[in-house]
>>> print(open('structure_37.txt').read())   # compact mmCIF, C-alpha atoms
# COMPACT_ATOMS: atom_id res chain seq x y z
CA MET A 1 191.78 34.99 195.03
CA THR A 2 194.93 36.55 196.33
CA GLU A 3 195.84 39.88 194.92
CA ASN A 4 199.57 39.65 195.38
CA SER A 5 202.02 36.85 195.57
CA LYS A 6 203.09 35.69 198.99
CA GLU A 7 206.51 34.48 199.99
CA THR A 8 206.53 30.71 200.26
CA PRO A 9 209.52 28.83 201.67
CA LEU A 10 210.49 26.75 198.65
CA LEU A 11 213.20 24.11 198.41
CA TYR A 12 212.86 24.16 194.63
CA LYS A 13 211.40 27.15 192.80
CA LEU A 14 209.40 27.03 189.59
CA ASP A 15 212.30 26.75 187.14
CA ASP A 16 214.73 24.87 189.40
CA ARG A 17 215.80 21.42 188.24
CA PRO A 18 215.91 18.92 191.13
CA SER A 19 218.07 15.83 190.83
CA VAL A 20 216.44 12.76 189.32
CA ALA A 21 216.12 11.19 192.76
CA ALA A 22 214.57 14.30 194.34
CA ALA A 23 212.21 14.90 191.40
CA SER A 24 211.15 11.25 191.35
CA PHE A 25 210.42 11.25 195.08
CA ALA A 26 208.42 14.49 194.87
CA GLY A 27 206.57 13.17 191.82
CA LEU A 28 205.60 9.97 193.61
CA GLN A 29 204.15 12.03 196.45
CA HIS A 30 201.91 13.86 193.98
CA VAL A 31 200.84 10.54 192.43
CA LEU A 32 199.99 9.12 195.86
CA ALA A 33 197.83 12.16 196.64
CA MET A 34 195.87 11.95 193.38
CA PHE A 35 195.93 8.24 192.48
CA GLY A 36 192.75 7.27 194.31
CA GLY A 37 190.85 10.23 192.89
CA ILE A 38 191.91 9.64 189.29
CA LEU A 39 190.81 6.01 189.32
CA THR A 40 187.71 6.34 191.49
CA ALA A 41 185.94 8.82 189.21
CA PRO A 42 185.91 6.61 186.06
CA LEU A 43 185.14 3.55 188.18
CA ILE A 44 182.03 5.20 189.66
CA VAL A 45 180.90 6.29 186.19
CA ALA A 46 181.43 2.76 184.88
CA LEU A 47 179.50 1.29 187.81
CA GLY A 48 176.68 3.79 187.31
CA MET A 49 176.47 2.98 183.61
CA GLY A 50 176.70 -0.75 184.23
CA LEU A 51 179.65 -1.19 181.84
CA ASP A 52 181.15 -4.64 181.45
CA ALA A 53 184.60 -5.60 182.78
CA ALA A 54 186.42 -4.90 179.50
CA ASP A 55 184.97 -1.40 179.09
CA THR A 56 185.54 -0.59 182.77
CA THR A 57 189.17 -1.66 182.55
CA TYR A 58 189.59 0.42 179.42
CA VAL A 59 188.19 3.70 180.79
CA ILE A 60 190.25 3.38 184.00
CA ALA A 61 193.53 2.70 182.18
CA ALA A 62 192.85 5.40 179.58
CA ALA A 63 192.09 7.89 182.38
CA LEU A 64 195.57 7.37 183.80
CA VAL A 65 197.23 7.79 180.40
CA VAL A 66 195.27 10.95 179.61
CA SER A 67 195.98 12.37 183.08
CA GLY A 68 199.69 11.89 182.44
CA PHE A 69 199.47 13.48 179.00
CA ALA A 70 197.43 16.42 180.34
CA THR A 71 199.89 17.03 183.18
CA LEU A 72 202.79 16.98 180.71
CA VAL A 73 201.08 19.64 178.59
CA GLN A 74 200.26 21.80 181.61
CA VAL A 75 203.76 21.92 183.07
CA ASN A 76 205.61 22.41 179.78
CA ARG A 77 203.39 25.04 178.07
CA LEU A 78 203.14 23.67 174.54
CA GLY A 79 202.40 26.79 172.51
CA PRO A 80 199.32 28.49 174.00
CA LEU A 81 198.51 25.38 176.05
CA GLY A 82 199.46 24.96 179.69
CA THR A 83 200.26 27.00 182.79
CA GLY A 84 203.98 26.34 182.97
CA LEU A 85 203.36 25.64 186.68
CA LEU A 86 203.30 22.43 188.67
CA SER A 87 199.65 21.93 187.67
CA VAL A 88 198.58 18.30 187.64
CA GLN A 89 195.43 16.96 186.01
CA GLY A 90 193.18 14.00 186.58
CA THR A 91 189.70 12.71 185.80
CA SER A 92 187.06 15.11 187.12
CA PHE A 93 184.44 14.09 189.69
CA ALA A 94 182.23 16.93 188.48
CA PHE A 95 181.13 14.93 185.44
CA ILE A 96 180.05 11.75 187.24
CA GLY A 97 176.39 12.78 187.58
CA PRO A 98 175.87 14.28 184.11
CA LEU A 99 177.67 11.40 182.38
CA ILE A 100 175.57 8.73 184.10
CA PHE A 101 172.37 10.74 183.53
CA SER A 102 173.19 11.22 179.83
CA TYR A 103 173.97 7.53 179.38
CA GLU A 104 170.72 6.44 181.03
CA LYS A 105 168.73 8.68 178.68
CA LEU A 106 170.60 7.66 175.53
CA VAL A 107 170.65 3.92 176.17
CA LEU A 108 166.85 3.87 176.05
CA ASP A 109 167.01 4.40 172.28
CA MET A 110 170.39 2.97 171.26
CA SER A 111 173.03 0.40 172.13
CA SER A 112 175.52 0.92 174.95
CA SER A 113 178.44 1.50 172.56
CA ASP A 114 176.45 4.02 170.51
CA ALA A 115 175.40 5.87 173.69
CA LEU A 116 179.02 6.08 174.82
CA GLY A 117 180.01 7.31 171.37
CA VAL A 118 177.45 10.12 171.53
CA ILE A 119 178.64 11.13 175.01
CA PHE A 120 182.28 11.20 173.94
CA GLY A 121 181.51 13.01 170.68
CA SER A 122 179.45 15.64 172.49
CA SER A 123 182.28 16.04 175.02
CA VAL A 124 184.69 16.78 172.17
CA VAL A 125 182.43 19.65 171.10
CA CYS A 126 182.23 20.98 174.68
CA GLY A 127 186.02 20.84 174.95
CA LEU A 128 186.41 22.81 171.72
CA VAL A 129 183.96 25.45 172.96
CA VAL A 130 185.81 25.90 176.26
CA MET A 131 189.14 26.11 174.41
CA GLY A 132 187.71 29.02 172.43
CA LEU A 133 186.18 30.67 175.49
CA SER A 134 189.43 30.40 177.46
CA VAL A 135 190.72 33.42 175.53
CA TYR A 136 187.97 35.44 177.20
CA ILE A 137 188.44 33.98 180.68
CA LYS A 138 188.32 37.43 182.35
CA HIS A 139 184.90 38.13 180.84
CA LEU A 140 183.69 34.58 181.47
CA ARG A 141 184.15 35.17 185.20
CA ASN A 142 181.49 37.90 184.98
CA ILE A 143 178.99 35.26 183.81
CA ILE A 144 180.10 32.25 185.86
CA THR A 145 180.18 34.21 189.11
CA ASN A 146 180.84 32.84 192.61
CA ASN A 147 177.09 32.43 193.04
CA VAL A 148 176.71 30.48 189.79
CA ALA A 149 179.74 28.31 190.50
CA GLY A 150 178.74 27.78 194.14
CA ALA A 151 175.15 26.79 193.32
CA THR A 152 176.35 24.41 190.61
CA ILE A 153 178.94 22.80 192.88
CA ILE A 154 176.35 22.35 195.64
CA LEU A 155 173.98 20.71 193.15
CA LEU A 156 176.82 18.54 191.84
CA GLY A 157 177.69 17.44 195.36
CA LEU A 158 174.08 16.65 196.18
CA SER A 159 173.66 14.65 192.97
CA LEU A 160 176.85 12.71 193.77
CA VAL A 161 175.67 12.00 197.31
CA PHE A 162 172.30 10.77 195.99
CA THR A 163 174.06 8.63 193.36
CA THR A 164 176.28 7.10 196.04
CA LEU A 165 173.39 6.42 198.40
CA SER A 166 171.45 4.88 195.52
CA GLY A 167 174.44 2.65 194.80
CA LEU A 168 174.64 1.59 198.44
CA GLN A 169 170.92 0.78 198.43
CA ARG A 170 171.42 -1.31 195.30
CA GLU A 171 174.30 -3.21 196.95
CA PHE A 172 172.22 -3.72 200.10
CA LEU A 173 169.29 -5.18 198.17
CA SER A 174 171.44 -7.31 195.85
CA ALA A 175 173.07 -8.85 198.94
CA GLY A 176 169.65 -9.95 200.20
CA GLY A 177 168.81 -7.01 202.46
CA LEU A 178 168.47 -7.62 206.18
CA ALA A 179 167.64 -11.27 205.56
CA GLY A 180 170.93 -11.79 203.72
CA ASP A 181 174.31 -10.05 203.79
CA GLY A 182 172.95 -6.56 203.16
CA LEU A 183 173.75 -5.32 206.66
CA LYS A 184 177.31 -6.62 206.33
CA MET A 185 177.71 -4.60 203.13
CA LEU A 186 176.47 -1.42 204.79
CA LEU A 187 178.79 -1.93 207.77
CA LEU A 188 181.76 -2.33 205.41
CA ALA A 189 180.83 0.89 203.61
CA PHE A 190 180.45 2.66 206.96
CA LEU A 191 183.85 1.36 208.09
CA VAL A 192 185.55 2.76 204.97
CA PHE A 193 183.70 6.06 205.47
CA ILE A 194 184.91 6.30 209.09
CA ILE A 195 188.50 5.38 208.16
CA ILE A 196 188.70 8.12 205.52
CA LEU A 197 187.06 10.60 207.91
CA PHE A 198 189.58 9.67 210.62
CA LEU A 199 192.56 10.02 208.27
CA SER A 200 191.32 13.33 206.90
CA LEU A 201 191.22 14.78 210.43
CA GLN A 202 194.79 13.85 211.36
CA ARG A 203 197.43 16.49 212.01
CA LEU A 204 199.95 14.67 209.81
CA ALA A 205 199.41 16.26 206.40
CA TRP A 206 200.36 13.16 204.42
CA LEU A 207 197.58 11.17 206.03
CA ARG A 208 195.07 13.85 205.05
CA LEU A 209 196.34 14.11 201.46
CA SER A 210 196.35 10.32 201.00
CA SER A 211 193.17 9.60 202.96
CA ILE A 212 191.18 8.38 199.94
CA THR A 213 193.91 6.09 198.61
CA LEU A 214 194.68 4.68 202.07
CA GLY A 215 191.01 4.35 202.98
CA LEU A 216 190.24 2.37 199.84
CA ALA A 217 193.31 0.17 200.41
CA ILE A 218 192.23 -0.63 203.97
CA GLY A 219 188.67 -1.22 202.78
CA VAL A 220 189.88 -3.71 200.17
CA ALA A 221 191.97 -5.51 202.81
CA VAL A 222 188.94 -5.86 205.10
CA ALA A 223 186.73 -6.90 202.17
CA SER A 224 189.22 -9.60 201.17
CA PHE A 225 189.04 -11.08 204.69
CA MET A 226 185.26 -11.10 204.29
CA GLY A 227 185.60 -12.98 201.00
CA LEU A 228 184.21 -10.11 198.94
CA VAL A 229 187.21 -9.53 196.67
CA ASP A 230 187.35 -11.64 193.52
CA PHE A 231 190.74 -11.77 191.80
CA SER A 232 189.66 -14.36 189.23
CA GLY A 233 189.21 -11.64 186.61
CA VAL A 234 192.75 -10.33 187.06
CA HIS A 235 194.61 -11.66 184.06
CA LEU A 236 196.78 -10.02 181.44
CA GLU A 237 195.30 -10.12 177.97
CA SER A 238 198.16 -7.89 176.80
CA VAL A 239 201.44 -6.71 178.29
CA ILE A 240 200.90 -3.04 177.42
CA PHE A 241 197.68 -1.04 177.25
CA ILE A 242 197.34 1.28 174.25
CA PRO A 243 194.35 3.69 174.19
CA GLU A 244 192.21 3.44 171.07
CA ILE A 245 191.03 6.33 168.92
CA GLY A 246 187.31 5.95 168.25
CA ARG A 247 186.77 2.82 170.34
CA TYR A 248 183.11 3.79 170.17
CA PRO A 249 181.46 5.40 167.11
CA LEU A 250 181.52 9.13 167.90
CA GLY A 251 178.31 11.10 167.55
CA VAL A 252 176.97 14.47 168.63
CA ASP A 253 173.71 15.23 170.42
CA LEU A 254 172.68 18.81 171.19
CA GLN A 255 170.78 17.67 174.28
CA ILE A 256 173.90 16.05 175.72
CA ILE A 257 175.95 19.15 174.89
CA ALA A 258 173.38 21.29 176.74
CA ILE A 259 173.65 18.99 179.78
CA LEU A 260 177.47 18.86 179.82
CA MET A 261 178.33 22.44 178.83
CA PRO A 262 177.43 24.14 182.16
CA ILE A 263 179.59 21.58 183.97
CA TYR A 264 182.50 22.28 181.63
CA LEU A 265 182.20 26.01 182.34
CA VAL A 266 182.00 25.63 186.12
CA SER A 267 184.89 23.15 186.05
CA ALA A 268 186.92 25.80 184.20
CA MET A 269 186.11 28.32 186.94
CA GLU A 270 187.25 25.83 189.59
CA SER A 271 190.52 25.52 187.69
CA VAL A 272 190.92 29.30 187.95
CA GLY A 273 191.11 28.87 191.73
CA ASP A 274 193.48 25.90 191.49
CA ILE A 275 195.85 27.66 189.10
CA THR A 276 195.81 30.84 191.20
CA ALA A 277 196.72 28.82 194.29
CA THR A 278 199.55 27.07 192.42
CA ALA A 279 200.93 30.40 191.17
CA ASN A 280 200.74 31.83 194.68
CA LEU A 281 202.54 28.82 196.19
CA SER A 282 205.19 29.13 193.47
CA GLY A 283 205.94 32.68 194.58
CA LEU A 284 204.46 34.27 191.46
CA SER A 285 202.20 37.29 191.15
CA THR A 286 198.50 36.64 190.75
CA GLU A 287 198.02 39.86 188.82
CA GLY A 288 199.05 41.20 185.44
CA GLU A 289 199.31 39.79 181.94
CA GLY A 290 201.78 37.06 182.91
CA TYR A 291 199.27 35.64 185.36
CA TRP A 292 196.39 35.82 182.88
CA SER A 293 198.53 34.26 180.15
CA ARG A 294 199.14 31.25 182.41
CA MET A 295 195.45 31.20 183.31
CA ARG A 296 194.31 31.17 179.67
CA GLY A 297 196.86 28.46 178.90
CA GLY A 298 195.74 26.36 181.86
CA ILE A 299 192.03 26.52 181.00
CA MET A 300 192.79 25.86 177.34
CA ALA A 301 195.02 22.89 178.20
CA GLY A 302 192.37 21.44 180.51
CA ALA A 303 189.72 21.67 177.78
CA PHE A 304 192.16 20.22 175.24
CA ALA A 305 192.91 17.31 177.59
CA SER A 306 189.17 16.65 178.03
CA MET A 307 188.79 16.66 174.25
CA ILE A 308 191.65 14.15 173.88
CA ALA A 309 190.14 12.06 176.69
CA SER A 310 186.86 11.90 174.77
CA ILE A 311 188.59 10.94 171.52
CA LEU A 312 190.36 8.16 173.45
CA SER A 313 187.03 7.11 175.01
CA THR A 314 187.49 8.12 178.62
CA PHE A 315 186.09 10.90 180.76
CA PRO A 316 186.89 14.66 181.09
CA SER A 317 189.94 15.93 182.94
CA THR A 318 190.56 18.86 185.29
CA THR A 319 193.22 20.32 187.58
CA PHE A 320 193.56 18.61 190.97
CA SER A 321 193.44 21.03 193.90
CA GLN A 322 194.83 18.59 196.49
CA ASN A 323 198.21 18.67 194.77
CA ASN A 324 198.59 22.27 195.90
CA GLY A 325 198.71 20.78 199.38
CA VAL A 326 201.65 18.63 198.28
CA ILE A 327 203.50 21.74 197.04
CA ARG A 328 202.84 23.50 200.33
CA LEU A 329 203.96 20.47 202.32
CA THR A 330 207.12 19.61 200.38
CA GLY A 331 208.23 23.09 199.35
CA VAL A 332 208.80 21.76 195.83
CA ALA A 333 207.20 23.97 193.15
CA SER A 334 209.49 22.96 190.28
CA ARG A 335 207.48 22.42 187.12
CA PHE A 336 210.00 19.76 186.10
CA VAL A 337 208.60 17.55 188.86
CA GLY A 338 205.34 17.62 186.90
CA SER A 339 207.03 15.78 184.04
CA TYR A 340 207.90 12.96 186.45
CA VAL A 341 204.30 12.90 187.69
CA ALA A 342 203.14 12.64 184.07
CA ILE A 343 205.56 9.80 183.31
CA PHE A 344 204.49 7.85 186.41
CA LEU A 345 200.81 8.24 185.50
CA VAL A 346 201.38 7.07 181.93
CA LEU A 347 203.43 4.08 183.13
CA LEU A 348 200.65 3.13 185.54
CA GLY A 349 198.10 3.54 182.76
CA ILE A 350 199.84 1.40 180.16
CA SER A 351 200.08 -1.46 182.64
CA PRO A 352 196.76 -3.33 182.26
CA LEU A 353 197.29 -4.96 185.65
CA ILE A 354 196.69 -1.68 187.53
CA ALA A 355 193.25 -1.13 186.02
CA ARG A 356 192.34 -4.79 186.51
CA LEU A 357 193.35 -4.71 190.18
CA PHE A 358 191.48 -1.47 190.82
CA GLN A 359 188.40 -3.01 189.24
CA THR A 360 188.40 -5.76 191.90
CA ILE A 361 187.53 -3.21 194.59
CA PRO A 362 184.01 -4.11 195.76
CA SER A 363 181.42 -1.52 194.78
CA VAL A 364 180.38 -1.09 198.40
CA VAL A 365 183.95 -0.06 199.31
CA VAL A 366 183.99 2.50 196.50
CA TYR A 367 180.66 3.97 197.59
CA GLY A 368 181.70 4.10 201.24
CA GLY A 369 185.01 5.69 200.28
CA THR A 370 183.51 8.43 198.14
CA LEU A 371 180.48 9.37 200.24
CA LEU A 372 182.50 11.66 202.52
CA MET A 373 184.27 13.17 199.53
CA PHE A 374 180.98 14.06 197.87
CA MET A 375 179.57 15.51 201.08
CA LEU A 376 182.63 17.76 201.18
CA VAL A 377 181.87 18.83 197.60
CA VAL A 378 178.57 20.25 198.87
CA LEU A 379 180.41 22.16 201.61
CA SER A 380 182.97 23.44 199.12
CA GLY A 381 180.12 24.93 197.11
CA PHE A 382 179.02 26.93 200.14
CA ARG A 383 182.62 28.08 200.65
CA VAL A 384 182.73 29.32 197.06
CA VAL A 385 179.66 31.46 197.72
CA GLN A 386 180.99 32.74 201.04
CA GLY A 387 184.36 33.56 199.50
CA ASN A 388 182.89 36.73 198.02
CA GLN A 389 181.68 38.02 201.42
CA ALA A 390 178.20 36.77 200.61
CA LYS A 391 175.23 39.00 201.36
CA GLN A 392 171.48 38.39 201.47
CA ARG A 393 171.19 38.66 197.69
CA ASP A 394 173.88 36.01 197.13
CA TYR A 395 172.15 33.46 199.36
CA LEU A 396 168.84 34.30 197.66
CA VAL A 397 170.30 33.63 194.20
CA VAL A 398 171.97 30.39 195.28
CA GLY A 399 168.95 29.15 197.23
CA LEU A 400 166.53 29.84 194.38
CA ALA A 401 168.88 28.25 191.84
CA ILE A 402 169.03 25.05 193.89
CA LEU A 403 165.26 25.10 194.46
CA PHE A 404 164.48 25.71 190.78
CA GLY A 405 167.11 23.19 189.71
CA TYR A 406 165.47 20.35 191.60
CA GLY A 407 161.92 21.65 191.25
CA ILE A 408 162.06 21.96 187.46
CA SER A 409 163.95 18.68 186.98
CA THR A 410 161.35 16.69 188.91
CA SER A 411 158.23 18.34 187.47
CA ILE A 412 159.07 19.25 183.86
CA GLN A 413 157.99 15.83 182.56
CA TRP A 414 154.40 16.66 183.53
CA VAL A 415 154.32 19.81 181.37
CA SER A 416 152.98 18.45 178.09
CA VAL A 417 153.69 21.55 175.99
CA VAL A 418 157.47 21.31 176.49
CA PRO A 419 159.29 19.44 173.66
CA SER A 420 160.78 16.09 174.69
CA GLY A 421 164.31 17.25 173.89
CA VAL A 422 163.99 20.21 176.25
CA VAL A 423 162.50 17.92 178.90
CA THR A 424 165.59 15.68 178.73
CA ILE A 425 167.90 18.67 179.23
CA LEU A 426 165.90 20.12 182.13
CA GLN A 427 165.56 16.78 183.92
CA PHE A 428 169.20 16.97 185.06
CA PRO A 429 169.07 19.28 188.11
CA VAL A 430 172.71 20.42 187.99
CA SER A 431 172.62 21.88 184.49
CA THR A 432 169.14 23.29 185.09
CA GLY A 433 170.24 24.87 188.36
CA ALA A 434 173.34 26.36 186.71
CA MET A 435 171.24 27.97 183.98
CA CYS A 436 168.79 29.28 186.60
CA ALA A 437 171.69 30.73 188.61
CA ILE A 438 172.99 32.60 185.55
CA LEU A 439 169.52 34.04 184.88
CA LEU A 440 168.98 34.96 188.53
CA GLU A 441 172.33 36.78 188.65
CA LEU A 442 171.08 38.94 185.80
CA ILE A 443 167.53 39.41 187.11
CA VAL A 444 167.79 39.81 190.90
CA PRO A 445 168.58 43.46 191.76
CA ARG A 446 171.92 43.96 193.48
CA GLN A 447 170.36 46.55 195.79
CA VAL A 448 168.68 43.74 197.75
CA HIS A 449 171.60 43.54 200.18
CA ALA A 450 171.41 47.26 200.99
CA ALA A 451 169.08 46.42 203.86
CA ASP A 452 171.99 44.60 205.52
CA THR A 453 173.52 47.94 206.53
CA SER A 454 170.34 49.59 207.74
CA ASP A 455 168.65 49.31 211.10
>>> encode(input="structure_37.txt", output="structure tokens")
Amino acid sequence: MTENSKETPLLYKLDDRPSVAAASFAGLQHVLAMFGGILTAPLIVALGMGLDAADTTYVIAAALVVSGFATLVQVNRLGPLGTGLLSVQGTSFAFIGPLIFSYEKLVLDMSSSDALGVIFGSSVVCGLVVMGLSVYIKHLRNIITNNVAGATIILLGLSLVFTTLSGLQREFLSAGGLAGDGLKMLLLAFLVFIIILFLSLQRLAWLRLSSITLGLAIGVAVASFMGLVDFSGVHLESVIFIPEIGRYPLGVDLQIIAILMPIYLVSAMESVGDITATANLSGLSTEGEGYWSRMRGGIMAGAFASMIASILSTFPSTTFSQNNGVIRLTGVASRFVGSYVAIFLVLLGISPLIARLFQTIPSVVVYGGTLLMFMLVVLSGFRVVQGNQAKQRDYLVVGLAILFGYGISTSIQWVSVVPSGVVTILQFPVSTGAMCAILLELIVPRQVHAADTSD
């Protein structure tokens, strides 16, 4: 974190009001940077859960609407909610693994709709807890340290990479393997991967910021030439999409809460970094009560948005860090631009055609497009750890947390004395690793790194 604000050359400062044309143009640039990410996360969850076309369309469209609503709350500071900065929100990738894992466990004993209801109901509880904890965000940072957050993010990234590779294997086998069109599917995924990698390495900032959206678009174009895109399901059952309250019967499961809660906490800590960067780019101080008031409001608004998302039967929301790149690039930090971003997202969401079209993207294109992104999540976890001038002790804590996270999750089922409910919780390596990291931070002596300075 930066200790003091830095001067940033801004065309429009935080409280400046750009013209409608200027604000609309800046808002569209933010939407372009985040559009692929917002829609890809719920699509991957839906694919992982095996949801039907109607449910997949619903969660994608609802994700856009909730992202718009959440952004509107963030930029306008409704009561204690929001940062009052150009903070935009979208569906979080961090929850892909735990949501799919939770669904797979629940659907063994109940219907798909009941399982979704339990997941969404449990998410509401997690959102309420984080809203309450946001008041104590300063103290929470002493528990969710850089080591805890870094280890959890690394585990999240690894789980996402494994999920993606598993999806690619499934697509390869369903296409007939080497004897059929399996190789063609893998080559298409590799092409999308290379395109996004190429775009993300370009000097032109807009290509980097829009690499996911552009990569998926090019992948769909290539897939359509290969005859892999089916538009037969694209039809309008209604002109306007309206999210439903309680589409699935809400329920609460303590095991699911235990799986999701560590991810909610780490996601909140990631938002601390995003909000700090936005404040810094806006020319504001990153110290003092004003800063912490915005921080509490931002974390609370993010948790509130995730709670609303769950009530409307879609997936949790978080701040989007790539939009800080848009602020840096355009020099537009006006929070009023955020209202235009919110309006555009809601308009895209209430149009059923957008979700239907996005659903036509072949799964293999989605997996190829997100593989690089998830690999970068792993690297970002290491950067979080290194950001605190990591010493021997820090790497020890993180390494052991990752080792225990995967070790316990793969072996706990063989320990007969452990209750089945506890087994279910510990079988998800990310939550298990996060809990291990918290314990290790408390147990491992901080004097371990003293040897670093001795001969």
>>> closest_residue(input="structure_37.txt", among="A:Leu191, A:Ala53, A:Leu28, A:Ile38", to="Leu371 in chain A", atoms="all atoms listed in the file")
A:Leu191
>>> residues_around(input="structure_37.txt", residues="Ala390 in chain A", least_positions_apart="5", cutoff="12 Å", atoms="only C-alpha atoms", output="ChimeraX atom specification")
/A:145-147,150,382-385,395-398,446,449,452
>>> closest_residue(input="structure_37.txt", among="A:Leu155, A:Ala301, A:Ile245, A:Leu207", to="Ser409 in chain A", atoms="only C-alpha atoms")
A:Leu155
>>> residues_around(input="structure_37.txt", residues="range 224-232 of chain A", least_positions_apart="5", cutoff="9 Å", atoms="only C-alpha atoms", output="ChimeraX atom specification")
/A:219,356-357,360-362
>>> residues_around(input="structure_37.txt", residues="range 248-262 of chain A", least_positions_apart="3", cutoff="7 Å", atoms="all atoms listed in the file", output="number ranges by chain")
A: 98, 102, 113-114, 116-122, 126, 265-266, 421, 425, 431, 434
>>> residues_around(input="structure_37.txt", residues="Leu14 in chain A", least_positions_apart="4", cutoff="12 Å", atoms="only C-alpha atoms", output="number ranges by chain")
A: 8, 10, 18, 75-76, 83-87, 278-284, 327, 331-338
>>> atom_distance(input="structure_37.txt", atom1="CA of Leu51 in chain A", atom2="CA of Lys184 in chain A")
25.2 Å
>>> closest_residue(input="structure_37.txt", among="A:Gln386, A:Gln427, A:Thr318, A:Gln169", to="Gly127 in chain A", atoms="all atoms listed in the file")
A:Thr318
>>> residues_around(input="structure_37.txt", residues="Ser200 in chain A", least_positions_apart="6", cutoff="8 Å", atoms="all atoms listed in the file", output="JSON, numbers by chain")
{"A": [207, 208, 209, 211]}
>>> closest_residue(input="structure_37.txt", among="A:Gly368, A:Gly68, A:Pro9, A:Gly387", to="Ile308 in chain A", atoms="all atoms listed in the file")
A:Gly68
>>> closest_residue(input="structure_37.txt", among="A:Gly167, A:Gly302, A:Gly37, A:Gly369", to="Ala189 in chain A", atoms="all atoms listed in the file")
A:Gly369
>>> atom_distance(input="structure_37.txt", atom1="CA of Ala62 in chain A", atom2="CA of Tyr340 in chain A")
18.2 Å
>>> closest_residue(input="structure_37.txt", among="A:Ser123, A:Ser134, A:Thr319, A:Thr163", to="Gly48 in chain A", atoms="only C-alpha atoms")
A:Thr163
>>> atom_distance(input="structure_37.txt", atom1="CA of His30 in chain A", atom2="CA of Gly298 in chain A")
18.5 Å
>>> decode(input="structure_37.txt", residues="range 369-383 of chain A", atoms="N, CA and C atoms", output="mmCIF file, in the first residue's frame")
data_model
loop_
_atom_site.group_PDB
_atom_site.id
_atom_site.type_symbol
_atom_site.label_atom_id
_atom_site.label_comp_id
_atom_site.auth_asym_id
_atom_site.auth_seq_id
_atom_site.Cartn_x
_atom_site.Cartn_y
_atom_site.Cartn_z
ATOM 1 N N GLY A 369 -9.584 -19.425 -23.044
ATOM 2 C CA GLY A 369 -9.486 -18.002 -22.753
ATOM 3 C C GLY A 369 -9.193 -17.692 -21.304
ATOM 4 N N THR A 370 -9.575 -18.580 -20.409
ATOM 5 C CA THR A 370 -9.395 -18.298 -18.979
ATOM 6 C C THR A 370 -8.173 -18.987 -18.373
ATOM 7 N N LEU A 371 -7.571 -19.915 -19.096
ATOM 8 C CA LEU A 371 -6.428 -20.644 -18.538
ATOM 9 C C LEU A 371 -5.286 -19.692 -18.178
ATOM 10 N N LEU A 372 -4.955 -18.782 -19.094
ATOM 11 C CA LEU A 372 -3.885 -17.823 -18.808
ATOM 12 C C LEU A 372 -4.254 -16.937 -17.623
ATOM 13 N N MET A 373 -5.500 -16.504 -17.584
ATOM 14 C CA MET A 373 -5.964 -15.648 -16.498
ATOM 15 C C MET A 373 -5.773 -16.328 -15.145
ATOM 16 N N PHE A 374 -6.103 -17.601 -15.076
ATOM 17 C CA PHE A 374 -6.005 -18.320 -13.811
ATOM 18 C C PHE A 374 -4.551 -18.615 -13.442
ATOM 19 N N MET A 375 -3.710 -18.802 -14.441
ATOM 20 C CA MET A 375 -2.281 -18.954 -14.162
ATOM 21 C C MET A 375 -1.724 -17.660 -13.560
ATOM 22 N N LEU A 376 -2.218 -16.533 -14.055
ATOM 23 C CA LEU A 376 -1.781 -15.241 -13.516
ATOM 24 C C LEU A 376 -2.296 -15.023 -12.094
ATOM 25 N N VAL A 377 -3.433 -15.652 -11.760
ATOM 26 C CA VAL A 377 -3.932 -15.574 -10.384
ATOM 27 C C VAL A 377 -2.915 -16.197 -9.431
ATOM 28 N N VAL A 378 -2.343 -17.332 -9.837
ATOM 29 C CA VAL A 378 -1.315 -17.984 -9.010
ATOM 30 C C VAL A 378 -0.137 -17.035 -8.798
ATOM 31 N N LEU A 379 0.314 -16.406 -9.875
ATOM 32 C CA LEU A 379 1.441 -15.473 -9.773
ATOM 33 C C LEU A 379 1.096 -14.270 -8.907
ATOM 34 N N SER A 380 -0.148 -13.814 -8.998
ATOM 35 C CA SER A 380 -0.548 -12.657 -8.186
ATOM 36 C C SER A 380 -0.508 -13.006 -6.702
ATOM 37 N N GLY A 381 -0.780 -14.266 -6.374
ATOM 38 C CA GLY A 381 -0.675 -14.699 -4.986
ATOM 39 C C GLY A 381 0.748 -14.586 -4.466
ATOM 40 N N PHE A 382 1.716 -14.975 -5.304
ATOM 41 C CA PHE A 382 3.120 -14.829 -4.915
ATOM 42 C C PHE A 382 3.490 -13.356 -4.757
ATOM 43 N N ARG A 383 2.941 -12.496 -5.615
ATOM 44 C CA ARG A 383 3.234 -11.061 -5.505
ATOM 45 C C ARG A 383 2.677 -10.483 -4.207
#
